[in-house]
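Next comes start-v8.txt, a file with compact mmCIF, C-alpha atoms.
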# COMPACT_ATOMS: atom_id res chain seq x y z
CA MET A 1 0.57 -30.18 13.31
CA THR A 2 -3.08 -30.51 12.43
CA LEU A 3 -6.10 -30.28 14.68
CA THR A 4 -6.47 -34.05 14.66
CA ASP A 5 -2.94 -34.40 16.05
CA PHE A 6 -3.60 -31.97 18.88
CA PRO A 7 -5.25 -34.32 21.44
CA ARG A 8 -2.39 -36.81 21.13
CA ARG A 9 0.21 -34.16 21.96
CA VAL A 10 -1.45 -32.92 25.15
CA THR A 11 0.43 -34.20 28.17
CA ALA A 12 -1.13 -35.06 31.49
CA THR A 13 -0.72 -32.63 34.37
CA ASP A 14 0.91 -33.66 37.63
CA SER A 15 -2.45 -34.26 39.34
CA ASP A 16 -3.61 -36.44 36.43
CA ALA A 17 -0.40 -38.47 36.59
CA ASP A 18 -0.83 -39.07 40.32
CA THR A 19 -4.41 -40.30 40.10
CA GLY A 20 -4.08 -41.95 36.72
CA SER A 21 -7.28 -40.31 35.47
CA ARG A 22 -7.68 -38.18 32.40
CA VAL A 23 -11.25 -37.01 32.93
CA GLY A 24 -10.67 -33.26 32.50
CA ALA A 25 -8.16 -33.57 29.67
CA GLY A 26 -10.73 -34.38 26.98
CA ALA A 27 -12.90 -31.33 27.73
CA ALA A 28 -9.92 -28.99 27.81
CA THR A 29 -8.61 -30.43 24.57
CA GLY A 30 -11.94 -29.88 22.80
CA ALA A 31 -12.16 -26.29 24.02
CA GLU A 32 -8.59 -25.56 23.00
CA ALA A 33 -9.17 -27.13 19.59
CA ALA A 34 -12.26 -24.92 19.10
CA VAL A 35 -10.24 -21.80 19.92
CA ALA A 36 -7.45 -22.91 17.59
CA SER A 37 -9.90 -23.48 14.74
CA GLU A 38 -11.46 -20.04 15.23
CA ASP A 39 -8.07 -18.32 15.20
CA ALA A 40 -6.81 -20.21 12.17
CA GLY A 41 -9.32 -18.74 9.68
CA ALA A 42 -9.31 -15.09 10.79
CA PRO A 43 -6.60 -12.76 9.44
CA ALA A 44 -4.85 -10.51 11.91
CA PRO A 45 -6.43 -7.03 11.95
CA ARG A 46 -3.03 -5.31 11.95
CA ALA A 47 -1.92 -7.16 8.83
CA ALA A 48 -4.82 -5.69 6.87
CA GLY A 49 -3.94 -2.18 8.10
CA ARG A 50 -0.30 -2.64 7.19
CA GLU A 51 -1.31 -3.81 3.70
CA ALA A 52 -3.50 -0.71 3.24
CA ASP A 53 -0.63 1.52 4.38
CA GLY A 54 1.63 -0.17 1.84
CA LEU A 55 -0.92 0.45 -0.89
CA ALA A 56 -1.06 4.14 0.06
CA VAL A 57 2.73 4.49 -0.11
CA ALA A 58 2.90 2.53 -3.37
CA SER A 59 0.25 4.74 -4.98
CA PHE A 60 2.20 7.83 -3.95
CA VAL A 61 5.49 6.48 -5.34
CA LEU A 62 3.90 5.27 -8.58
CA GLY A 63 2.19 8.63 -9.01
CA LEU A 64 5.51 10.44 -8.64
CA LEU A 65 7.30 8.12 -11.03
CA GLY A 66 4.44 8.39 -13.50
CA LEU A 67 5.05 12.11 -13.88
CA LEU A 68 8.44 11.26 -15.37
CA VAL A 69 8.09 7.92 -17.18
CA PHE A 70 5.40 5.43 -18.22
CA ASN A 71 2.51 7.66 -17.19
CA ILE A 72 0.15 5.62 -19.35
CA LEU A 73 0.73 2.62 -17.02
CA LEU A 74 1.75 4.15 -13.70
CA GLY A 75 -1.04 6.74 -13.55
CA PRO A 76 -3.94 4.26 -13.57
CA ALA A 77 -1.99 1.92 -11.26
CA ALA A 78 -1.55 4.77 -8.75
CA ILE A 79 -5.26 5.59 -8.95
CA VAL A 80 -6.32 1.99 -8.36
CA MET A 81 -3.92 1.51 -5.44
CA ALA A 82 -5.01 4.76 -3.83
CA LEU A 83 -8.67 3.82 -4.08
CA LEU A 84 -7.97 0.39 -2.60
CA ALA A 85 -6.01 1.93 0.27
CA LEU A 86 -8.81 4.38 1.02
CA ALA A 87 -11.43 1.62 0.84
CA ARG A 88 -9.41 -0.48 3.31
CA ARG A 89 -9.16 2.48 5.68
CA THR A 90 -5.44 3.09 5.61
CA GLY A 91 -3.66 4.79 8.46
CA ARG A 92 -2.17 7.16 5.88
CA PRO A 93 -5.18 8.66 4.11
CA GLY A 94 -3.25 11.80 3.15
CA ARG A 95 -0.64 9.80 1.29
CA ALA A 96 -3.37 7.78 -0.46
CA ARG A 97 -5.17 10.98 -1.53
CA LEU A 98 -1.89 12.42 -2.77
CA GLY A 99 -1.25 9.22 -4.74
CA LEU A 100 -4.74 9.56 -6.23
CA ALA A 101 -4.07 13.18 -7.20
CA LEU A 102 -0.69 12.29 -8.71
CA GLY A 103 -2.29 9.45 -10.70
CA VAL A 104 -4.83 11.88 -12.12
CA ALA A 105 -2.01 14.34 -12.83
CA ASP A 106 -0.17 11.58 -14.70
CA LEU A 107 -3.15 11.11 -16.97
CA ALA A 108 -3.46 14.89 -17.43
CA VAL A 109 0.23 15.10 -18.44
CA LEU A 110 -0.32 12.22 -20.85
CA ALA A 111 -3.34 13.98 -22.37
CA ALA A 112 -1.36 17.23 -22.75
CA LEU A 113 1.54 15.44 -24.44
CA VAL A 114 -0.77 13.55 -26.77
CA ALA A 115 -2.48 16.81 -27.72
CA ALA A 116 0.85 18.55 -28.29
CA ASN A 117 2.67 15.75 -30.17
CA GLY A 118 -0.18 13.72 -31.54
CA THR A 119 1.41 10.54 -30.17
CA VAL A 120 1.60 8.70 -26.86
CA SER A 121 5.41 8.79 -26.82
CA TRP A 122 7.40 11.53 -25.13
CA ASN A 123 9.16 13.96 -27.43
CA LEU A 124 10.60 16.91 -25.57
CA CYS A 125 13.04 17.99 -28.29
CA GLY A 126 11.21 19.77 -31.09
Please lay out the structure from this file as structure tokens.
Amino acid sequence: MTLTDFPRRVTATDSDADTGSRVGAGAATGAEAAVASEDAGAPAPRAAGREADGLAVASFVLGLLGLLVFNILLGPAAIVMALLALARRTGRPGRARLGLALGVADLAVLAALVAANGTVSWNLCG
């Protein structure tokens, strides 16, 4: 249903059917169409908050996983997601900060392993 279809779908009220006039229907249809067009372009405020909360949780999980595997990829991803969550004012700022700290720790572990082994790959056995 598009906005141009809206006036054709509005039915007459009982009082309009009795008198046969549709004087008030056009004004109400225009006002309702204006409200519908305003609501169509604006995102729901809760959806943005939920997305920021998801970013905070994802940064935390990626930071934890990055300590074990793929820290060269997961560390920077955790940092970026945490910064995005904090910029979007997440409802879980503690989790976003922890994800940021874990992302930095991933990069610190990577730097320590590179310094110890001289390579980016993990080599825990000798």
Between CA of Ala101 in chain A and CA of Thr119 in chain A, what distance in Å does the model show, to one decimal?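 Rounded to one decimal, the two atoms are 23.8 Å apart.
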Any idea what the distance is between CA of Leu68 in chain A and CA of Arg92 in chain A?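 That distance, rounded to one decimal, is 24.1 Å.
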To one decimal in Å, tell me the separation between CA of Ala52 in chain A and CA of Arg88 in chain A.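 That distance, rounded to one decimal, is 5.9 Å.
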Select, from A:Ala78, A:Leu67, A:Leu83, A:Val120, the residue with the minimum atom-to-atom distance to Gly103 in chain A, counting all atoms listed in the file.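 When distances to Gly103 in chain A are compared using all atoms listed in the file, the smallest one comes from A:Ala78.
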Given only C-alpha atoms as the basis, pick out the residue of A:Gly63, A:Gly54, A:Pro93, A:Gly118 nearest to Gly75 in chain A.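 Checking each candidate against Gly75 in chain A, we get A:Gly63 as the closest.
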